[in-house]
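What follows is a single structure, written as structure tokens, with notes after it.
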Amino acid sequence: MNRSIHISILLCLSFAAISQQPRAYTHALSLMGSAFEVTAVAADDTLAWHAVEAGIAEIQRIERMISSWDPKSETSEINRNAGISPVKVSPELFQLIFRSKKVSQLTGGAFDISFAAIDPVWRFDGSMKTLPDSAAVRASVAKIDWQKIELDVTNQTIFLKEKGMKIGFGAIGKGYVANRARAVMQEMGIKSGLVNAGGDLTCWGHPPQGGQWRIGIADPKVRDQAIAWLWATGQAIVTSGNYERFTILDGIRYSHIINPQTGYPVRGLKSVSIMCADAELADALATAVFVMGKEDGLALINQLRGVSCLLVTDTDELIASDNLPLHFYTKSSPQDSVQHDFQIGGKP
Ligand code: ADP
Ligand code: MG
């Protein structure tokens, strides 16, 4: 081929590549028992697709490590050895448990991965017909104590000091995998994207049309509608709702977030949304604020720099922390007709 023709073909091809508008590639699937969406925005189809699949593979890898249901996971190994012996774990799991204990400290124990000792007592799949026996609740609560999760830095071991203790990452794992999927995609060169890990969302860069990502927070009463919309980038927005998993006994709704002090599901709030840069922290704090309740929860969030929250109370009050930095408006706003890109906190 003549050299000048060759060059002009190359120029045409590169012009086509440059002029191609970035598009959003999304893979929606069920992971960790929840609905996930992984999105990459890029002009290069192949790169976007590979990045999304790599993000998903990262989530699946972590799920195999932290799942309490999978008998082969490192977490199950720790639980099986409660009160028996320390278990050597990967640096990654060691660090996750270390950070989980930090959040317990920060929240006065409202967030506690050792809540899982209560697992056999409550079932939130509709199969429970009566309240659990209060003696069984008391016996399980006695096994909940984050300070009895012993970390040996030198040997990289974890030891649950008492028999019957158990840890579970239900309230922090989805935030962690959202962070990791994002990191993997960013390392592959994805400048804009979004990971929605079952209501735990992190976004970066811009949606294809430019500007910021518009995120709808589900109305606990009408879950496919937004109660508030936020504009975000480089942020995590995480929602925990009492409508996700619950059981109704004698007309009272019992949801899956447990007060580690009492062993009973928490009351008072319908949903808690936390905004901050780190999806893992946001996930853990959403659960903690649920447990702490409106006053104490707000007081905590108002003290944390770079963290804000939006609460929906049992009486449908919408309460924002003092430092909510993002513009938001409620459904009654005239701008309600603006399209939002993603909705979290509800699976219609
Ligand atoms: P969602 O799953 O709706 O995002 P959360 O992030 O609040 O909600 O996680 C709730 C899950 O966390 C529960 O299903 C349970 O596995 C676990 N959990 C419940 N209570 C606590 C608690 N006090 N501290 C830590 N984890 C908890
Ligand atoms: Mg959580």
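All residue names refer to the structure tokens as shown: chains lettered A, B, ... in order, residues numbered from 1 in each chain, ligands numbered from 1 in order.
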
At a cut-off of 9 Å around ligand 2, and using only C-alpha atoms and all ligand atoms, what residues come up? Please write them as a CSV table (one decimal) with all heavy atoms, in the first residue's frame.
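As a result, pocket-v2.csv now contains:
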```
chain,number,residue,atom,x,y,z
A,111,PHE,N,-22.4,-0.2,65.2
A,111,PHE,CA,-22.0,-1.1,64.1
A,111,PHE,C,-21.1,-2.1,64.6
A,111,PHE,O,-20.1,-1.8,65.3
A,111,PHE,CB,-21.2,-0.2,63.0
A,111,PHE,CG,-20.6,-1.1,61.9
A,111,PHE,CD1,-21.3,-1.5,60.8
A,111,PHE,CD2,-19.3,-1.5,62.1
A,111,PHE,CE1,-20.8,-2.4,59.9
A,111,PHE,CE2,-18.7,-2.4,61.1
A,111,PHE,CZ,-19.4,-2.8,60.0
A,169,PHE,N,-20.3,-9.7,57.3
A,169,PHE,CA,-20.0,-8.4,56.7
A,169,PHE,C,-21.2,-7.8,55.9
A,169,PHE,O,-21.0,-7.0,55.0
A,169,PHE,CB,-18.8,-8.6,55.7
A,169,PHE,CG,-17.6,-8.9,56.5
A,169,PHE,CD1,-17.1,-10.3,56.5
A,169,PHE,CD2,-16.8,-8.0,57.2
A,169,PHE,CE1,-16.0,-10.6,57.2
A,169,PHE,CE2,-15.7,-8.4,57.8
A,169,PHE,CZ,-15.3,-9.7,57.9
A,170,GLY,N,-22.4,-8.2,56.3
A,170,GLY,CA,-23.7,-7.7,55.7
A,170,GLY,C,-23.8,-6.2,55.6
A,170,GLY,O,-24.4,-5.7,54.7
A,171,ALA,N,-23.2,-5.5,56.5
A,171,ALA,CA,-23.4,-4.1,56.6
A,171,ALA,C,-22.2,-3.3,56.1
A,171,ALA,O,-22.2,-2.0,56.2
A,171,ALA,CB,-23.7,-3.7,58.1
A,172,ILE,N,-21.2,-3.9,55.6
A,172,ILE,CA,-20.0,-3.2,55.2
A,172,ILE,C,-19.4,-3.8,53.9
A,172,ILE,O,-18.7,-3.1,53.1
A,172,ILE,CB,-18.9,-3.2,56.3
A,172,ILE,CG1,-17.8,-2.2,55.9
A,172,ILE,CG2,-18.3,-4.6,56.6
A,172,ILE,CD1,-16.8,-1.9,57.1
A,173,GLY,N,-19.8,-5.1,53.6
A,173,GLY,CA,-19.2,-5.8,52.4
A,173,GLY,C,-19.5,-5.1,51.1
A,173,GLY,O,-18.7,-5.0,50.2
A,174,LYS,N,-20.8,-4.7,50.9
A,174,LYS,CA,-21.2,-4.2,49.6
A,174,LYS,C,-20.5,-2.8,49.4
A,174,LYS,O,-20.1,-2.5,48.3
A,174,LYS,CB,-22.7,-4.0,49.6
A,174,LYS,CG,-23.4,-5.4,49.3
A,174,LYS,CD,-24.8,-5.3,49.1
A,174,LYS,CE,-25.5,-5.2,50.4
A,174,LYS,NZ,-26.9,-4.8,50.4
A,175,GLY,N,-20.3,-2.1,50.4
A,175,GLY,CA,-19.5,-0.8,50.3
A,175,GLY,C,-18.1,-1.1,49.9
A,175,GLY,O,-17.5,-0.4,49.0
A,200,ASP,N,-25.7,0.5,47.5
A,200,ASP,CA,-24.5,1.1,47.9
A,200,ASP,C,-23.8,1.6,46.6
A,200,ASP,O,-23.2,0.8,45.9
A,200,ASP,CB,-23.6,0.2,48.7
A,200,ASP,CG,-24.2,-0.3,50.0
A,200,ASP,OD1,-25.4,0.1,50.2
A,200,ASP,OD2,-23.6,-1.0,50.7
A,238,VAL,N,-25.0,5.9,49.8
A,238,VAL,CA,-25.3,4.6,50.3
A,238,VAL,C,-26.6,4.6,51.0
A,238,VAL,O,-26.8,5.5,51.9
A,238,VAL,CB,-24.2,4.0,51.2
A,238,VAL,CG1,-24.7,2.8,52.0
A,238,VAL,CG2,-23.0,3.7,50.4
A,239,THR,N,-27.6,3.8,50.7
A,239,THR,CA,-28.9,3.8,51.4
A,239,THR,C,-29.2,2.5,52.0
A,239,THR,O,-29.0,1.4,51.4
A,239,THR,CB,-30.0,4.2,50.5
A,239,THR,OG1,-29.8,5.6,50.0
A,239,THR,CG2,-31.4,4.1,51.1
A,240,SER,N,-29.5,2.5,53.3
A,240,SER,CA,-30.0,1.3,54.0
A,240,SER,C,-31.5,1.6,54.3
A,240,SER,O,-31.8,2.7,54.8
A,240,SER,CB,-29.3,1.1,55.4
A,240,SER,OG,-28.1,0.5,55.2
A,257,ILE,N,-31.8,-4.9,60.5
A,257,ILE,CA,-30.7,-4.2,61.2
A,257,ILE,C,-30.9,-4.4,62.7
A,257,ILE,O,-32.0,-4.1,63.3
A,257,ILE,CB,-30.5,-2.7,60.8
A,257,ILE,CG1,-30.2,-2.7,59.3
A,257,ILE,CG2,-29.5,-2.0,61.7
A,257,ILE,CD1,-30.2,-1.3,58.7
A,280,GLU,N,-17.3,2.2,51.5
A,280,GLU,CA,-17.3,1.2,52.7
A,280,GLU,C,-17.7,1.9,54.0
A,280,GLU,O,-18.5,1.4,54.7
A,280,GLU,CB,-15.8,0.7,52.8
A,280,GLU,CG,-15.6,-0.2,54.0
A,280,GLU,CD,-14.2,-0.6,54.1
A,280,GLU,OE1,-13.5,-1.0,53.1
A,280,GLU,OE2,-13.6,-0.5,55.3
A,281,LEU,N,-17.1,3.1,54.2
A,281,LEU,CA,-17.4,3.8,55.4
A,281,LEU,C,-18.9,4.2,55.4
A,281,LEU,O,-19.6,4.1,56.4
A,281,LEU,CB,-16.5,5.1,55.5
A,281,LEU,CG,-16.8,6.0,56.7
A,281,LEU,CD1,-16.4,5.3,58.0
A,281,LEU,CD2,-16.0,7.3,56.6
A,282,ALA,N,-19.4,4.7,54.2
A,282,ALA,CA,-20.8,5.1,54.1
A,282,ALA,C,-21.7,3.9,54.4
A,282,ALA,O,-22.7,4.1,55.2
A,282,ALA,CB,-21.0,5.6,52.7
A,283,ASP,N,-21.4,2.7,53.9
A,283,ASP,CA,-22.2,1.5,54.2
A,283,ASP,C,-22.2,1.2,55.7
A,283,ASP,O,-23.3,1.1,56.3
A,283,ASP,CB,-21.5,0.3,53.5
A,283,ASP,CG,-22.4,-0.9,53.4
A,283,ASP,OD1,-23.6,-0.8,53.9
A,283,ASP,OD2,-22.0,-1.9,53.0
A,284,ALA,N,-21.1,1.2,56.3
A,284,ALA,CA,-21.0,0.9,57.8
A,284,ALA,C,-21.8,2.0,58.6
A,284,ALA,O,-22.5,1.7,59.5
A,284,ALA,CB,-19.6,0.8,58.2
A,285,LEU,N,-21.6,3.3,58.2
A,285,LEU,CA,-22.2,4.3,58.9
A,285,LEU,C,-23.7,4.3,58.8
A,285,LEU,O,-24.5,4.7,59.7
A,285,LEU,CB,-21.7,5.7,58.5
A,285,LEU,CG,-20.3,6.0,59.0
A,285,LEU,CD1,-19.8,7.4,58.4
A,285,LEU,CD2,-20.2,6.1,60.5
A,286,ALA,N,-24.2,3.9,57.6
A,286,ALA,CA,-25.7,3.9,57.3
A,286,ALA,C,-26.3,2.9,58.3
A,286,ALA,O,-27.3,3.2,59.0
A,286,ALA,CB,-26.0,3.4,55.9
A,287,THR,N,-25.7,1.8,58.5
A,287,THR,CA,-26.2,0.8,59.5
A,287,THR,C,-26.1,1.4,60.9
A,287,THR,O,-27.0,1.2,61.7
A,287,THR,CB,-25.4,-0.5,59.4
A,287,THR,OG1,-25.4,-0.9,58.0
A,287,THR,CG2,-25.9,-1.6,60.2
A,288,ALA,N,-25.0,2.0,61.2
A,288,ALA,CA,-24.8,2.5,62.6
A,288,ALA,C,-25.8,3.6,62.9
A,288,ALA,O,-26.4,3.6,64.0
A,288,ALA,CB,-23.3,3.1,62.7
```

Check: Which residues come within 10 Å of region 64-72 of chain A, counting only C-alpha atoms, excluding same-chain residues fewer than 5 positions away, as a PyMOL selection string?
Finding: chain A and resi 32+59+77-80+89-90+92-93+96+116+166-170+173

Notebook entry, point to check: Could you pull out all residues of region 116-168 of chain A with a DSSP call of alpha helix (DSSP H) and give them as an MDAnalysis selection string?
Noted result: chainID A and resid 134:141

Could those selected residues go to a file with all heavy atoms, as a PDB file, in the first residue's frame?
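What follows is the written file selection-v1.pdb:
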```pdb
ATOM      1  N   SER A 134     -37.226 -14.795  74.237  1.00  0.00           N
ATOM      2  CA  SER A 134     -36.354 -13.726  74.747  1.00  0.00           C
ATOM      3  C   SER A 134     -35.077 -14.291  75.382  1.00  0.00           C
ATOM      4  O   SER A 134     -34.026 -13.646  75.355  1.00  0.00           O
ATOM      5  CB  SER A 134     -37.103 -12.829  75.728  1.00  0.00           C
ATOM      6  OG  SER A 134     -37.604 -13.601  76.780  1.00  0.00           O
ATOM      7  N   ALA A 135     -35.149 -15.513  75.909  1.00  0.00           N
ATOM      8  CA  ALA A 135     -33.936 -16.117  76.492  1.00  0.00           C
ATOM      9  C   ALA A 135     -32.918 -16.404  75.391  1.00  0.00           C
ATOM     10  O   ALA A 135     -31.707 -16.214  75.574  1.00  0.00           O
ATOM     11  CB  ALA A 135     -34.299 -17.404  77.231  1.00  0.00           C
ATOM     12  N   ALA A 136     -33.420 -16.838  74.220  1.00  0.00           N
ATOM     13  CA  ALA A 136     -32.514 -17.110  73.091  1.00  0.00           C
ATOM     14  C   ALA A 136     -31.862 -15.813  72.620  1.00  0.00           C
ATOM     15  O   ALA A 136     -30.672 -15.784  72.287  1.00  0.00           O
ATOM     16  CB  ALA A 136     -33.283 -17.762  71.944  1.00  0.00           C
ATOM     17  N   VAL A 137     -32.645 -14.724  72.616  1.00  0.00           N
ATOM     18  CA  VAL A 137     -32.092 -13.419  72.213  1.00  0.00           C
ATOM     19  C   VAL A 137     -30.994 -13.019  73.196  1.00  0.00           C
ATOM     20  O   VAL A 137     -29.889 -12.648  72.793  1.00  0.00           O
ATOM     21  CB  VAL A 137     -33.194 -12.325  72.156  1.00  0.00           C
ATOM     22  CG1 VAL A 137     -32.588 -10.953  71.880  1.00  0.00           C
ATOM     23  CG2 VAL A 137     -34.236 -12.667  71.092  1.00  0.00           C
ATOM     24  N   ARG A 138     -31.279 -13.141  74.486  1.00  0.00           N
ATOM     25  CA  ARG A 138     -30.283 -12.755  75.514  1.00  0.00           C
ATOM     26  C   ARG A 138     -29.007 -13.581  75.386  1.00  0.00           C
ATOM     27  O   ARG A 138     -27.904 -13.059  75.460  1.00  0.00           O
ATOM     28  CB  ARG A 138     -30.859 -12.931  76.928  1.00  0.00           C
ATOM     29  CG  ARG A 138     -31.608 -11.712  77.432  1.00  0.00           C
ATOM     30  CD  ARG A 138     -31.791 -11.758  78.947  1.00  0.00           C
ATOM     31  NE  ARG A 138     -32.398 -13.014  79.417  1.00  0.00           N
ATOM     32  CZ  ARG A 138     -33.710 -13.240  79.413  1.00  0.00           C
ATOM     33  NH1 ARG A 138     -34.545 -12.317  78.967  1.00  0.00           N
ATOM     34  NH2 ARG A 138     -34.187 -14.395  79.848  1.00  0.00           N
ATOM     35  N   ALA A 139     -29.174 -14.875  75.142  1.00  0.00           N
ATOM     36  CA  ALA A 139     -27.998 -15.758  75.035  1.00  0.00           C
ATOM     37  C   ALA A 139     -27.129 -15.347  73.848  1.00  0.00           C
ATOM     38  O   ALA A 139     -25.898 -15.345  73.932  1.00  0.00           O
ATOM     39  CB  ALA A 139     -28.454 -17.208  74.882  1.00  0.00           C
ATOM     40  N   SER A 140     -27.765 -14.962  72.745  1.00  0.00           N
ATOM     41  CA  SER A 140     -26.991 -14.557  71.562  1.00  0.00           C
ATOM     42  C   SER A 140     -26.333 -13.202  71.767  1.00  0.00           C
ATOM     43  O   SER A 140     -25.192 -12.990  71.351  1.00  0.00           O
ATOM     44  CB  SER A 140     -27.879 -14.497  70.328  1.00  0.00           C
ATOM     45  OG  SER A 140     -28.320 -15.786  70.014  1.00  0.00           O
ATOM     46  N   VAL A 141     -27.057 -12.281  72.397  1.00  0.00           N
ATOM     47  CA  VAL A 141     -26.489 -10.940  72.632  1.00  0.00           C
ATOM     48  C   VAL A 141     -25.207 -11.042  73.455  1.00  0.00           C
ATOM     49  O   VAL A 141     -24.252 -10.294  73.236  1.00  0.00           O
ATOM     50  CB  VAL A 141     -27.529 -10.027  73.339  1.00  0.00           C
ATOM     51  CG1 VAL A 141     -26.878  -8.757  73.868  1.00  0.00           C
ATOM     52  CG2 VAL A 141     -28.630  -9.668  72.373  1.00  0.00           C
TER      53      VAL A 141
END
```

Check: Between A:Ile301, A:Ala232, A:Ala197, A:Leu249, which has the minimum distance to Leu131 (chain A) (counting only C-alpha atoms)?
Finding: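 Among A:Ile301, A:Ala232, A:Ala197, A:Leu249, it is A:Leu249 that comes nearest to Leu131 (chain A).
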
Item checked: Per-residue DSSP, region 135-277 of chain A, filtered to strand (DSSP E or B), as an NGL selection string -> :A and (149-152 or 157-160 or 192-197 or 200-204 or 213-218 or 226-232 or 235-241 or 246-249 or 252-255 or 258 or 265 or 269-276)

Note to self: Please compute the CA of Asp322 (chain A)-CA of Gly293 (chain A) distance, one decimal, in Å.
What the structure shows: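 Separation of CA of Asp322 (chain A) and CA of Gly293 (chain A): 16.3 Å.
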
Item checked: Shell of 12 Å around Ile190 (chain A), only C-alpha atoms, local chain residues under 2 positions omitted, as a PyMOL selection string -> chain A and resi 22-25+39-52+54-55+181-188+192-194+203-206

What would the file look like if the residues just selected were written as an mmCIF file, in the first residue's frame with N, CA and C atoms?
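Okay, this is what ended up in out33.cif:
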```cif
data_model
loop_
_atom_site.group_PDB
_atom_site.id
_atom_site.type_symbol
_atom_site.label_atom_id
_atom_site.label_comp_id
_atom_site.auth_asym_id
_atom_site.auth_seq_id
_atom_site.Cartn_x
_atom_site.Cartn_y
_atom_site.Cartn_z
ATOM 1 N N PRO A 22 -18.342 9.348 24.198
ATOM 2 C CA PRO A 22 -18.347 8.344 25.256
ATOM 3 C C PRO A 22 -19.763 7.832 25.507
ATOM 4 N N ARG A 23 -19.833 6.558 25.777
ATOM 5 C CA ARG A 23 -21.134 5.955 26.064
ATOM 6 C C ARG A 23 -21.046 5.183 27.363
ATOM 7 N N ALA A 24 -22.192 4.943 27.964
ATOM 8 C CA ALA A 24 -22.204 4.187 29.222
ATOM 9 C C ALA A 24 -22.495 2.721 28.928
ATOM 10 N N TYR A 25 -21.643 1.846 29.419
ATOM 11 C CA TYR A 25 -21.865 0.404 29.308
ATOM 12 C C TYR A 25 -22.217 -0.109 30.695
ATOM 13 N N THR A 39 -21.143 0.157 35.742
ATOM 14 C CA THR A 39 -21.167 0.998 34.536
ATOM 15 C C THR A 39 -19.806 1.622 34.282
ATOM 16 N N ALA A 40 -19.365 1.579 33.043
ATOM 17 C CA ALA A 40 -18.174 2.324 32.642
ATOM 18 C C ALA A 40 -18.578 3.259 31.513
ATOM 19 N N VAL A 41 -18.095 4.484 31.570
ATOM 20 C CA VAL A 41 -18.345 5.427 30.481
ATOM 21 C C VAL A 41 -17.046 5.577 29.705
ATOM 22 N N ALA A 42 -17.084 5.263 28.415
ATOM 23 C CA ALA A 42 -15.875 5.377 27.606
ATOM 24 C C ALA A 42 -16.244 5.414 26.132
ATOM 25 N N ALA A 43 -15.333 5.946 25.340
ATOM 26 C CA ALA A 43 -15.544 5.950 23.895
ATOM 27 C C ALA A 43 -15.105 4.612 23.291
ATOM 28 N N ASP A 44 -14.250 3.920 23.999
ATOM 29 C CA ASP A 44 -13.710 2.651 23.515
ATOM 30 C C ASP A 44 -14.561 1.492 24.063
ATOM 31 N N ASP A 45 -15.352 0.907 23.164
ATOM 32 C CA ASP A 45 -16.293 -0.158 23.572
ATOM 33 C C ASP A 45 -15.592 -1.320 24.258
ATOM 34 N N THR A 46 -14.483 -1.741 23.655
ATOM 35 C CA THR A 46 -13.822 -2.943 24.155
ATOM 36 C C THR A 46 -13.271 -2.698 25.545
ATOM 37 N N LEU A 47 -12.649 -1.537 25.720
ATOM 38 C CA LEU A 47 -12.087 -1.206 27.030
ATOM 39 C C LEU A 47 -13.202 -1.159 28.085
ATOM 40 N N ALA A 48 -14.303 -0.487 27.735
ATOM 41 C CA ALA A 48 -15.404 -0.333 28.697
ATOM 42 C C ALA A 48 -15.930 -1.708 29.114
ATOM 43 N N TRP A 49 -16.123 -2.572 28.122
ATOM 44 C CA TRP A 49 -16.659 -3.900 28.396
ATOM 45 C C TRP A 49 -15.714 -4.703 29.287
ATOM 46 N N HIS A 50 -14.413 -4.675 28.925
ATOM 47 C CA HIS A 50 -13.439 -5.418 29.730
ATOM 48 C C HIS A 50 -13.380 -4.891 31.151
ATOM 49 N N ALA A 51 -13.457 -3.583 31.287
ATOM 50 C CA ALA A 51 -13.366 -2.976 32.622
ATOM 51 C C ALA A 51 -14.564 -3.387 33.483
ATOM 52 N N VAL A 52 -15.750 -3.347 32.880
ATOM 53 C CA VAL A 52 -16.957 -3.720 33.628
ATOM 54 C C VAL A 52 -16.844 -5.186 34.085
ATOM 55 N N ALA A 54 -14.105 -6.882 34.542
ATOM 56 C CA ALA A 54 -13.054 -6.982 35.561
ATOM 57 C C ALA A 54 -13.578 -6.504 36.919
ATOM 58 N N GLY A 55 -14.393 -5.466 36.898
ATOM 59 C CA GLY A 55 -15.009 -4.967 38.143
ATOM 60 C C GLY A 55 -15.884 -6.056 38.766
ATOM 61 N N ALA A 181 -14.368 -2.460 43.031
ATOM 62 C CA ALA A 181 -14.721 -2.536 41.604
ATOM 63 C C ALA A 181 -14.358 -1.216 40.929
ATOM 64 N N ARG A 182 -14.636 -0.129 41.608
ATOM 65 C CA ARG A 182 -14.292 1.193 41.066
ATOM 66 C C ARG A 182 -12.780 1.319 40.869
ATOM 67 N N ALA A 183 -12.012 0.887 41.871
ATOM 68 C CA ALA A 183 -10.551 1.003 41.790
ATOM 69 C C ALA A 183 -10.007 0.191 40.613
ATOM 70 N N VAL A 184 -10.547 -1.008 40.447
ATOM 71 C CA VAL A 184 -10.090 -1.867 39.343
ATOM 72 C C VAL A 184 -10.376 -1.196 37.991
ATOM 73 N N MET A 185 -11.549 -0.632 37.870
ATOM 74 C CA MET A 185 -11.912 0.011 36.589
ATOM 75 C C MET A 185 -11.079 1.266 36.349
ATOM 76 N N GLN A 186 -10.833 2.009 37.417
ATOM 77 C CA GLN A 186 -10.009 3.224 37.262
ATOM 78 C C GLN A 186 -8.581 2.853 36.855
ATOM 79 N N GLU A 187 -8.060 1.777 37.452
ATOM 80 C CA GLU A 187 -6.703 1.336 37.080
ATOM 81 C C GLU A 187 -6.638 0.941 35.608
ATOM 82 N N MET A 188 -7.771 0.510 35.059
ATOM 83 C CA MET A 188 -7.789 0.136 33.640
ATOM 84 C C MET A 188 -8.012 1.347 32.730
ATOM 85 N N SER A 192 -14.702 7.615 33.976
ATOM 86 C CA SER A 192 -16.043 7.873 34.500
ATOM 87 C C SER A 192 -16.796 6.566 34.643
ATOM 88 N N GLY A 193 -17.503 6.436 35.726
ATOM 89 C CA GLY A 193 -18.264 5.208 35.900
ATOM 90 C C GLY A 193 -19.084 5.241 37.171
ATOM 91 N N LEU A 194 -19.765 4.138 37.392
ATOM 92 C CA LEU A 194 -20.652 4.060 38.545
ATOM 93 C C LEU A 194 -20.816 2.590 38.939
ATOM 94 N N CYS A 203 -19.692 6.749 42.481
ATOM 95 C CA CYS A 203 -19.617 7.246 41.110
ATOM 96 C C CYS A 203 -18.410 8.161 40.962
ATOM 97 N N TRP A 204 -17.884 8.235 39.757
ATOM 98 C CA TRP A 204 -16.745 9.108 39.501
ATOM 99 C C TRP A 204 -16.839 9.642 38.077
ATOM 100 N N GLY A 205 -16.131 10.731 37.807
ATOM 101 C CA GLY A 205 -16.181 11.319 36.467
ATOM 102 C C GLY A 205 -17.564 11.854 36.156
ATOM 103 N N HIS A 206 -17.983 11.640 34.906
ATOM 104 C CA HIS A 206 -19.239 12.232 34.455
ATOM 105 C C HIS A 206 -20.082 11.215 33.693
#
```

Next item on the list: Name the residues in contact with Asp145 (chain A) at a cut-off of 10 Å, using only C-alpha atoms, excluding same-chain residues fewer than 5 positions from it; report them as number ranges by chain.
Entry: A: 104, 109, 112-115, 117, 160-162, 165-166, 260-261

Written file, previous selection with N, CA, C and O atoms, as a tab-separated table (two decimals), in the first residue's frame:
```tsv
chain	number	residue	atom	x	y	z
A	104	SER	N	-16.71	0.34	64.70
A	104	SER	CA	-17.39	0.01	65.96
A	104	SER	C	-17.00	1.01	67.04
A	104	SER	O	-17.84	1.50	67.80
A	109	GLY	N	-20.13	1.03	69.16
A	109	GLY	CA	-20.60	-0.35	69.06
A	109	GLY	C	-21.92	-0.52	68.33
A	109	GLY	O	-22.45	-1.63	68.25
A	112	ASP	N	-21.38	-3.38	64.43
A	112	ASP	CA	-20.57	-4.44	65.05
A	112	ASP	C	-20.69	-5.69	64.19
A	112	ASP	O	-21.76	-6.30	64.12
A	113	ILE	N	-19.59	-6.10	63.53
A	113	ILE	CA	-19.67	-7.28	62.66
A	113	ILE	C	-19.95	-8.56	63.46
A	113	ILE	O	-20.38	-9.55	62.90
A	114	SER	N	-19.74	-8.51	64.78
A	114	SER	CA	-20.04	-9.71	65.58
A	114	SER	C	-21.53	-9.79	65.93
A	114	SER	O	-21.95	-10.68	66.66
A	115	PHE	N	-22.35	-8.84	65.37
A	115	PHE	CA	-23.81	-8.94	65.52
A	115	PHE	C	-24.27	-10.33	65.06
A	115	PHE	O	-25.33	-10.81	65.47
A	117	ALA	N	-23.76	-13.26	65.70
A	117	ALA	CA	-24.09	-14.31	66.68
A	117	ALA	C	-25.61	-14.45	66.82
A	117	ALA	O	-26.12	-15.50	67.22
A	160	LEU	N	-11.90	-15.11	67.38
A	160	LEU	CA	-13.13	-14.77	68.10
A	160	LEU	C	-13.02	-15.46	69.45
A	160	LEU	O	-12.97	-16.70	69.51
A	161	LYS	N	-12.96	-14.66	70.50
A	161	LYS	CA	-12.51	-15.22	71.77
A	161	LYS	C	-13.48	-16.20	72.42
A	161	LYS	O	-13.07	-17.00	73.24
A	162	GLU	N	-14.78	-16.09	72.08
A	162	GLU	CA	-15.74	-17.00	72.75
A	162	GLU	C	-16.43	-17.92	71.76
A	162	GLU	O	-16.75	-17.51	70.65
A	165	MET	N	-19.42	-17.09	69.09
A	165	MET	CA	-19.27	-15.80	68.40
A	165	MET	C	-19.25	-16.05	66.89
A	165	MET	O	-18.90	-17.12	66.43
A	166	LYS	N	-19.63	-14.99	66.15
A	166	LYS	CA	-19.68	-15.12	64.69
A	166	LYS	C	-19.59	-13.72	64.08
A	166	LYS	O	-20.15	-12.78	64.65
A	260	PRO	N	-27.03	-4.18	68.53
A	260	PRO	CA	-26.15	-5.17	69.17
A	260	PRO	C	-26.31	-5.24	70.69
A	260	PRO	O	-25.95	-6.24	71.30
A	261	GLN	N	-26.87	-4.18	71.29
A	261	GLN	CA	-27.04	-4.17	72.75
A	261	GLN	C	-28.23	-5.00	73.18
A	261	GLN	O	-28.21	-5.63	74.24
```

Next item on the list: Choose the residue, out of A:Val291, A:Leu31, A:Val38, A:Val222, that has the smallest atom-to-atom separation from ligand 1; count only C-alpha atoms and all ligand atoms.
Entry: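 The answer is A:Val291, which sits nearest to ligand 1.
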
Notebook entry, point to check: Smallest atom-to-atom distance to ligand 1: which of A:Gln303, A:Ser271, A:Ser321, A:Gln21, using only C-alpha atoms and all ligand atoms?
Noted result: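 Going through A:Gln303, A:Ser271, A:Ser321, A:Gln21 one by one, the smallest distance to ligand 1 is for A:Ser271.
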
Next item on the list: Using CA of Ile248 (chain A) and atom 25 (C, counted along the ligand's line) of ligand 1 as the two end points, give the distance in Å to one decimal.
Entry: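 According to the coordinates, CA of Ile248 (chain A) and atom 25 (C, counted along the ligand's line) of ligand 1 are separated by 21.2 Å.
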